[in-house]
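With TSV, C-alpha atoms and all ligand atoms inside, this is query.tsv:
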```tsv
chain	number	residue	atom	x	y	z
N	1	MET	CA	17.28	135.54	47.57
N	2	THR	CA	16.39	135.07	43.92
N	3	ALA	CA	19.08	133.47	41.80
N	4	ALA	CA	20.55	134.97	38.64
N	5	ILE	CA	19.52	132.74	35.75
N	6	ILE	CA	22.56	131.60	33.79
N	7	ASP	CA	21.92	132.08	30.07
N	8	GLY	CA	23.59	129.05	28.50
N	9	LYS	CA	22.14	129.87	25.09
N	10	ALA	CA	23.84	133.26	25.03
N	11	ALA	CA	27.12	131.84	26.38
N	12	ALA	CA	27.04	129.10	23.72
N	13	ALA	CA	26.33	131.63	20.95
N	14	ALA	CA	29.29	133.74	22.12
N	15	LEU	CA	31.56	130.67	22.18
N	16	ARG	CA	30.42	129.62	18.67
N	17	GLN	CA	31.19	133.16	17.48
N	18	ARG	CA	34.77	132.90	18.81
N	19	ILE	CA	35.16	129.44	17.25
N	20	GLY	CA	33.84	130.74	13.91
N	21	ALA	CA	36.38	133.58	13.94
N	22	ARG	CA	39.27	131.16	14.58
N	23	VAL	CA	38.01	128.78	11.89
N	24	GLY	CA	37.99	131.77	9.51
N	25	GLU	CA	41.67	132.39	10.28
N	26	LEU	CA	42.53	128.72	9.68
N	27	ALA	CA	40.71	128.83	6.35
N	28	LYS	CA	43.22	131.46	5.16
N	29	GLN	CA	45.94	128.85	5.77
N	30	GLY	CA	43.93	126.30	3.77
N	31	VAL	CA	42.76	124.33	6.82
N	32	THR	CA	39.08	123.46	7.37
N	33	PRO	CA	38.43	121.39	10.52
N	34	GLY	CA	36.10	118.43	9.95
N	35	LEU	CA	33.82	116.57	12.37
N	36	ALA	CA	32.47	113.08	11.64
N	37	VAL	CA	29.35	112.05	13.54
N	38	VAL	CA	28.28	108.40	13.48
N	39	LEU	CA	24.70	107.45	14.32
N	40	VAL	CA	23.66	103.80	14.52
N	41	GLY	CA	19.92	103.14	14.50
N	42	GLU	CA	16.99	105.48	14.82
N	43	ASN	CA	16.81	106.65	18.44
N	44	PRO	CA	14.69	109.82	18.04
N	45	ALA	CA	16.57	111.85	20.70
N	46	SER	CA	19.90	110.90	19.08
N	47	GLN	CA	18.59	111.91	15.66
N	48	VAL	CA	17.72	115.37	17.01
N	49	TYR	CA	21.18	115.79	18.61
N	50	VAL	CA	23.00	114.64	15.49
N	51	ARG	CA	21.05	117.03	13.24
N	52	SER	CA	21.78	119.89	15.60
N	53	LYS	CA	25.48	119.01	15.76
N	54	ALA	CA	25.78	118.87	11.97
N	55	LYS	CA	23.99	122.21	11.52
N	56	GLN	CA	26.13	124.05	14.07
N	57	THR	CA	29.33	122.49	12.69
N	58	VAL	CA	28.61	123.88	9.23
N	59	GLU	CA	27.53	127.27	10.65
N	60	ALA	CA	30.90	127.54	12.40
N	61	GLY	CA	32.62	127.08	9.03
N	62	MET	CA	33.73	123.49	9.62
N	63	ARG	CA	33.03	120.39	7.56
N	64	SER	CA	30.45	117.92	8.80
N	65	PHE	CA	30.51	114.25	7.81
N	66	GLU	CA	27.42	112.33	8.83
N	67	HIS	CA	27.39	108.53	8.87
N	68	LYS	CA	23.98	107.00	9.49
N	69	LEU	CA	24.04	103.24	9.86
N	70	PRO	CA	21.13	100.81	10.27
N	71	ALA	CA	20.19	99.55	13.76
N	72	ASP	CA	21.42	96.02	12.89
N	73	THR	CA	24.95	97.18	12.00
N	74	SER	CA	27.57	94.73	13.28
N	75	GLU	CA	30.31	95.69	15.70
N	76	GLN	CA	32.84	94.71	13.05
N	77	ASP	CA	31.31	97.08	10.47
N	78	LEU	CA	31.24	99.97	12.95
N	79	LEU	CA	34.86	99.32	13.94
N	80	ALA	CA	35.80	99.29	10.25
N	81	LEU	CA	34.13	102.70	9.77
N	82	VAL	CA	35.97	104.11	12.82
N	83	GLY	CA	39.21	102.80	11.30
N	84	ARG	CA	38.51	104.61	8.03
N	85	LEU	CA	37.68	107.85	9.88
N	86	ASN	CA	40.89	107.54	11.92
N	87	ALA	CA	42.84	107.37	8.66
N	88	ASP	CA	40.91	110.15	6.89
N	89	GLU	CA	42.99	113.36	6.78
N	90	ALA	CA	39.86	115.53	6.37
N	91	VAL	CA	38.44	114.27	9.67
N	92	ASP	CA	39.73	116.00	12.80
N	93	GLY	CA	37.03	114.85	15.21
N	94	ILE	CA	35.04	111.60	15.50
N	95	LEU	CA	31.89	111.27	17.58
N	96	VAL	CA	29.99	108.01	17.82
N	97	GLN	CA	26.56	108.86	19.20
N	98	LEU	CA	25.55	106.90	22.30
N	99	PRO	CA	23.66	104.78	23.17
N	100	LEU	CA	24.66	102.08	20.68
N	101	PRO	CA	22.47	99.04	19.91
N	102	ALA	CA	22.88	96.01	22.19
N	103	GLN	CA	24.91	93.92	19.71
N	104	ILE	CA	27.74	96.51	19.79
N	105	ASN	CA	30.23	96.81	22.65
N	106	ALA	CA	30.39	100.61	23.09
N	107	GLU	CA	33.60	100.45	25.12
N	108	LEU	CA	35.38	98.65	22.30
N	109	VAL	CA	34.19	101.21	19.75
N	110	LEU	CA	35.17	104.23	21.88
N	111	GLU	CA	38.62	102.72	22.46
N	112	ALA	CA	39.07	102.27	18.70
N	113	ILE	CA	38.83	106.02	18.08
N	114	ASP	CA	42.20	107.73	17.63
N	115	PRO	CA	42.64	109.65	20.94
N	116	ARG	CA	43.76	112.71	18.93
N	117	LYS	CA	40.36	112.71	17.18
N	118	ASP	CA	38.33	111.83	20.29
N	119	VAL	CA	36.25	115.03	20.53
N	120	ASP	CA	33.94	113.41	23.10
N	121	GLY	CA	36.94	112.90	25.41
N	122	PHE	CA	35.68	109.39	26.26
N	123	HIS	CA	38.81	107.44	25.23
N	124	PRO	CA	40.69	106.00	28.24
N	125	VAL	CA	43.84	107.86	27.12
N	126	ASN	CA	42.02	111.20	27.34
N	127	ALA	CA	40.24	110.25	30.57
N	128	GLY	CA	43.64	109.32	32.04
N	129	ARG	CA	45.25	112.52	30.83
N	130	LEU	CA	42.45	114.57	32.39
N	131	ALA	CA	42.76	112.65	35.67
N	132	SER	CA	46.52	113.28	35.76
N	133	GLY	CA	46.19	116.96	34.88
N	134	ALA	CA	47.76	116.68	31.40
N	135	PRO	CA	46.30	118.55	28.41
N	136	SER	CA	43.57	116.46	26.80
N	137	LEU	CA	40.32	116.50	24.89
N	138	VAL	CA	37.73	116.92	27.65
N	139	PRO	CA	34.11	115.64	27.61
N	140	CYS	CA	31.86	118.39	26.26
N	141	THR	CA	29.23	118.70	29.01
N	142	PRO	CA	31.65	119.15	31.93
N	143	LEU	CA	33.78	121.46	29.78
N	144	GLY	CA	30.67	123.58	29.11
N	145	CYS	CA	29.90	123.66	32.85
N	146	LEU	CA	33.42	124.80	33.61
N	147	MET	CA	33.19	127.61	31.05
N	148	LEU	CA	29.92	128.81	32.61
N	149	LEU	CA	31.51	128.75	36.07
N	150	ARG	CA	34.59	130.67	34.91
N	151	ASP	CA	32.37	133.28	33.20
N	152	LEU	CA	30.40	133.72	36.38
N	153	LYS	CA	33.06	133.53	39.03
N	154	GLY	CA	36.53	133.84	37.47
N	155	ASP	CA	38.83	132.12	39.94
N	156	LEU	CA	37.28	129.00	41.48
N	157	ALA	CA	40.17	128.18	43.84
N	158	GLY	CA	39.16	127.11	47.33
N	159	LEU	CA	35.45	126.76	46.60
N	160	GLU	CA	33.54	123.71	47.84
N	161	ALA	CA	32.15	121.79	44.85
N	162	VAL	CA	29.73	118.88	45.05
N	163	VAL	CA	29.06	116.82	41.91
N	164	ILE	CA	26.03	114.53	42.15
N	165	GLY	CA	26.60	111.62	39.75
N	166	ARG	CA	29.73	109.59	38.96
N	167	SER	CA	29.34	108.80	35.27
N	168	ASN	CA	32.33	108.72	32.93
N	169	ILE	CA	30.55	111.23	30.69
N	170	VAL	CA	29.82	113.95	33.27
N	171	GLY	CA	30.42	113.27	36.97
N	172	LYS	CA	34.01	111.98	36.94
N	173	PRO	CA	35.41	114.42	34.36
N	174	MET	CA	33.54	117.30	36.04
N	175	ALA	CA	35.18	116.41	39.34
N	176	ALA	CA	38.60	116.23	37.64
N	177	LEU	CA	38.14	119.66	36.05
N	178	LEU	CA	37.04	121.24	39.33
N	179	THR	CA	39.99	119.62	41.12
N	180	ALA	CA	42.30	121.17	38.52
N	181	GLU	CA	40.67	124.53	39.34
N	182	SER	CA	41.68	123.99	43.00
N	183	CYS	CA	38.14	123.44	44.25
N	184	THR	CA	37.52	121.07	47.17
N	185	VAL	CA	35.53	118.40	45.38
N	186	THR	CA	33.05	115.80	46.61
N	187	ILE	CA	31.51	113.25	44.25
N	188	ALA	CA	28.11	112.21	45.60
N	189	HIS	CA	26.03	109.32	44.24
N	190	SER	CA	23.16	106.97	44.99
N	191	LYS	CA	24.95	105.46	48.01
N	192	THR	CA	25.95	108.78	49.57
N	193	ARG	CA	24.67	109.14	53.16
N	194	ASP	CA	22.62	112.26	53.91
N	195	LEU	CA	22.92	113.66	50.38
N	196	PRO	CA	21.01	116.88	51.23
N	197	ALA	CA	23.55	117.72	53.97
N	198	VAL	CA	26.48	117.02	51.62
N	199	CYS	CA	24.92	119.26	48.95
N	200	ARG	CA	24.34	122.08	51.44
N	201	ARG	CA	28.15	122.38	51.81
N	202	ALA	CA	28.52	123.26	48.16
N	203	ASP	CA	29.43	126.68	46.77
N	204	ILE	CA	29.14	124.93	43.38
N	205	LEU	CA	26.53	122.18	43.03
N	206	VAL	CA	26.44	120.15	39.81
N	207	ALA	CA	23.52	117.75	39.37
N	208	ALA	CA	24.08	114.98	36.82
N	209	VAL	CA	21.97	112.02	37.88
N	210	GLY	CA	19.03	111.77	35.48
N	211	ARG	CA	16.32	112.06	38.17
N	212	PRO	CA	13.75	114.74	37.43
N	213	GLY	CA	13.59	117.48	40.07
N	214	MET	CA	15.63	115.54	42.64
N	215	VAL	CA	17.55	118.52	44.03
N	216	THR	CA	15.23	120.80	46.01
N	217	GLY	CA	15.82	124.21	47.57
N	218	ASP	CA	16.51	122.81	51.03
N	219	TRP	CA	19.61	121.05	49.57
N	220	VAL	CA	21.13	124.34	48.41
N	221	LYS	CA	23.40	126.66	50.38
N	222	PRO	CA	22.21	130.27	50.11
N	223	GLY	CA	24.10	131.99	47.29
N	224	ALA	CA	25.46	128.76	45.75
N	225	ILE	CA	25.87	128.23	42.01
N	226	VAL	CA	23.63	125.38	40.82
N	227	LEU	CA	24.34	123.72	37.46
N	228	ASP	CA	21.66	121.33	36.21
N	229	VAL	CA	22.97	118.76	33.73
N	230	GLY	CA	19.78	116.67	33.73
N	231	ILE	CA	17.72	116.24	30.57
N	232	ASN	CA	14.64	114.24	31.58
N	233	ARG	CA	11.51	113.84	29.48
N	234	VAL	CA	8.44	113.71	31.74
N	235	SER	CA	4.74	113.56	30.98
N	236	ALA	CA	3.03	116.96	31.06
N	237	PRO	CA	-0.73	116.48	31.16
N	238	GLU	CA	-1.10	120.23	31.80
N	239	LEU	CA	0.05	120.77	28.18
N	240	GLY	CA	-2.55	118.33	26.85
N	241	GLU	CA	-3.10	114.60	26.70
N	242	GLY	CA	0.04	112.58	25.93
N	243	LYS	CA	2.27	115.68	25.99
N	244	THR	CA	5.76	115.66	27.46
N	245	ARG	CA	8.31	118.27	28.45
N	246	ILE	CA	11.99	118.34	29.36
N	247	VAL	CA	13.00	118.97	32.96
N	248	GLY	CA	16.34	118.89	34.77
N	249	ASP	CA	17.56	117.10	37.89
N	250	VAL	CA	16.96	120.30	39.84
N	251	ASP	CA	13.62	121.58	41.06
N	252	PHE	CA	14.09	125.00	39.52
N	253	ALA	CA	11.55	127.07	41.47
N	254	SER	CA	12.62	126.02	44.97
N	255	CYS	CA	16.36	126.11	44.17
N	256	ALA	CA	16.19	129.50	42.41
N	257	ALA	CA	14.74	130.95	45.62
N	258	VAL	CA	17.94	130.00	47.52
N	259	ALA	CA	20.83	129.85	45.00
N	260	GLY	CA	22.95	132.79	43.85
N	261	ALA	CA	22.91	131.59	40.23
N	262	ILE	CA	21.25	128.65	38.48
N	263	THR	CA	21.02	127.13	35.01
N	264	PRO	CA	17.56	126.54	33.57
N	265	VAL	CA	16.55	123.41	31.62
N	266	PRO	CA	16.32	123.84	28.71
N	267	GLY	CA	18.65	126.73	27.85
N	268	GLY	CA	21.37	126.22	30.47
N	269	VAL	CA	24.09	123.58	30.21
N	270	GLY	CA	22.61	121.89	27.10
N	271	PRO	CA	23.54	124.53	24.49
N	272	MET	CA	27.10	124.67	25.87
N	273	THR	CA	27.59	120.95	25.23
N	274	ILE	CA	27.34	121.23	21.45
N	275	ALA	CA	29.35	124.47	21.41
N	276	CYS	CA	32.09	122.62	23.31
N	277	LEU	CA	31.99	119.83	20.75
N	278	LEU	CA	32.86	122.44	18.12
N	279	ALA	CA	35.56	123.83	20.43
N	280	ASN	CA	37.02	120.33	20.80
N	281	THR	CA	36.96	119.80	17.03
N	282	LEU	CA	38.90	123.03	16.58
N	283	THR	CA	41.35	122.01	19.34
N	284	ALA	CA	41.81	118.57	17.75
N	285	ALA	CA	42.44	120.15	14.33
N	286	CYS	CA	45.03	122.55	15.77
N	287	MET	CA	46.78	119.79	17.77
N	288	ARG	CA	46.90	117.27	14.97
N	289	ARG	CA	47.79	119.63	12.14
N	290	GLY	CA	50.37	121.38	14.31
C	1	LIG	N1	24.63	110.73	23.78
C	1	LIG	C1	24.17	111.65	24.67
C	1	LIG	N2	25.13	112.55	24.96
C	1	LIG	C2	26.21	112.20	24.25
C	1	LIG	C3	27.51	112.75	24.10
C	1	LIG	O1	27.89	113.76	24.72
C	1	LIG	N3	28.34	112.10	23.25
C	1	LIG	C4	27.96	110.99	22.58
C	1	LIG	N4	28.85	110.42	21.77
C	1	LIG	N5	26.77	110.46	22.68
C	1	LIG	C5	25.91	111.06	23.51
```

Whole structure given in C-alpha cells:
Amino acid sequence: MTAAIIDGKAAAAALRQRIGARVGELAKQGVTPGLAVVLVGENPASQVYVRSKAKQTVEAGMRSFEHKLPADTSEQDLLALVGRLNADEAVDGILVQLPLPAQINAELVLEAIDPRKDVDGFHPVNAGRLASGAPSLVPCTPLGCLMLLRDLKGDLAGLEAVVIGRSNIVGKPMAALLTAESCTVTIAHSKTRDLPAVCRRADILVAAVGRPGMVTGDWVKPGAIVLDVGINRVSAPELGEGKTRIVGDVDFASCAAVAGAITPVPGGVGPMTIACLLANTLTAACMRRG
C-alpha cells in the first residue's frame, strides 16, 4: 500500500479562507479581532514563528499586536504586560511564545492570561474544560490534527487512536479531543512497554515526541492514518557542510509504504497550527464580544 499524503498546506489555506470570510462579516459590524503575540528574547525558531503568525493574522483581516521584549525581561515586567493585554479591549487573543527565558516561571505567566483570551488553550481553566468536555479554547496543534482527521474520515467514533507523547501542549489535549470524538484512546510515552505493538493497534497514530524518525513502518497498522507532529532540526550533510533540515517523528518512507494516509514534515500538521491560532482568535472574539 502507498499512503495518501495529507496536504496540510492546502487544508490550512482553506481554513484561513473561511476565517477571512467570517472576519469580513464581523468588520461590517465594526468588529476587528486582534491577536497579541509576546516574544521574550531572540530564539531564532521563535522569531520565525512569530513573524509568520503576525503575517497570517493581518492577511486574515485581523489586527496583530507584536510585543518583543529583551531576553533579560523580569517575570514582573512580563506579568505586567499580560495584565495590560488582558485589560485591552482591542485584544481578543494573547499568545506568549514559549520557551521563555530561565528567570521567568512560564506556568505563572500562562495562568495570568485571561482564559477568555487564551488562544493557545494552555490555561488550566481551558485545559480543565477540555478534559471535562465543556466548550473551550483548544491548543492549536491538536485542534489542527483533529480538523485533518475529520476532513479525511468524517466520523471517528469507535476508532482506535494511539497518541505518542503526553505533553500539555499536544499529547494530553489530543487525547482529550479524540476521546470526545468517541475514539478508544491510548496515550503512549517513554515508559510504555512494547511501544511498537501498542502503535500497531492504532487506526489513528499521532506522533508528538520530538524524536526524529522514531516511528517506523513496522509500527504502523496497514491502512492507518499517521499524523506527524514532530518538528526536529537534524544535520543534513547531503545538502552541504553544516546544513540542516527539518524532519518529523515519523520515518516517512517506511510508514508511507504501510499507512492509508500520512502527513509529511514540513507541510502537514505545521501549517494547520497557525491557521488554528487564527481560528481560536476569531472564536475568542466572538465569545467575548457576544
Ligand atoms: N512554542 C512552540 N509552539 C508553541 C505554541 O503552540 N504556542 C506557544 N505559545 N509557544 C510555542

### Message
How would you report the residues lying within 9 Å of ligand LIG 1 (chain C), as a list in words, if you count only C-alpha atoms and all ligand atoms?
### Response
Val37, Val38, Ala45, Ser46, Tyr49, Ile94, Leu95, Val96, Gln97, Leu98, Pro99, Leu100, Leu110, Val119, Asp120, Gly121, Phe122, Pro139, Cys140, Thr141, Ile169, Val170, Thr273, Ile274 and Leu277 of chain N

### Summary
Here atom CA of Val162 of chain N and atom CA of Leu15 of chain N stand apart by 25.8 Å

### Query
Leaving out segment 199-207 of chain N and any residue of its chain fewer than 3 positions from it, which residues lie within 8 Å of it when counting all atoms listed in the file, given as a list in words?
Leu159, Glu160, Ala161, Val162, Val163, Ile164, Gly165, Leu195, Pro196, Val215, Asp218, Trp219, Val220, Lys221, Gly223, Ala224, Ile225, Val226, Leu227, Asp228, Val229, Gly230, Asp249 and Val250 of chain N

### Message
Residues within 10 Å of Pro115 of chain N, please, as a PyMOL selection string. Count all atoms listed in the file; anything in the same chain fewer than 6 positions from it doesn't count.
### Response
chain N and resi 86+93-94+121-127+136-137+284

### Query
From the list N:Val82, N:Leu69, N:Ala12, N:Ala236, which residue is nearest Ala36 of chain N when using only C-alpha atoms?
N:Val82

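Atom CA of Phe252 of chain N lies 15.4 Å from atom CA of Gly270 of chain N.
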
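As for atom CA of Arg211 of chain N and atom CA of Ala54 of chain N, they are spaced 28.7 Å apart.
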
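Among the candidate residues N:Val247, N:Met62, N:Gly240, N:Lys55, the one lying nearest to Gly20 of chain N is N:Met62, with distances computed using all atoms listed in the file.
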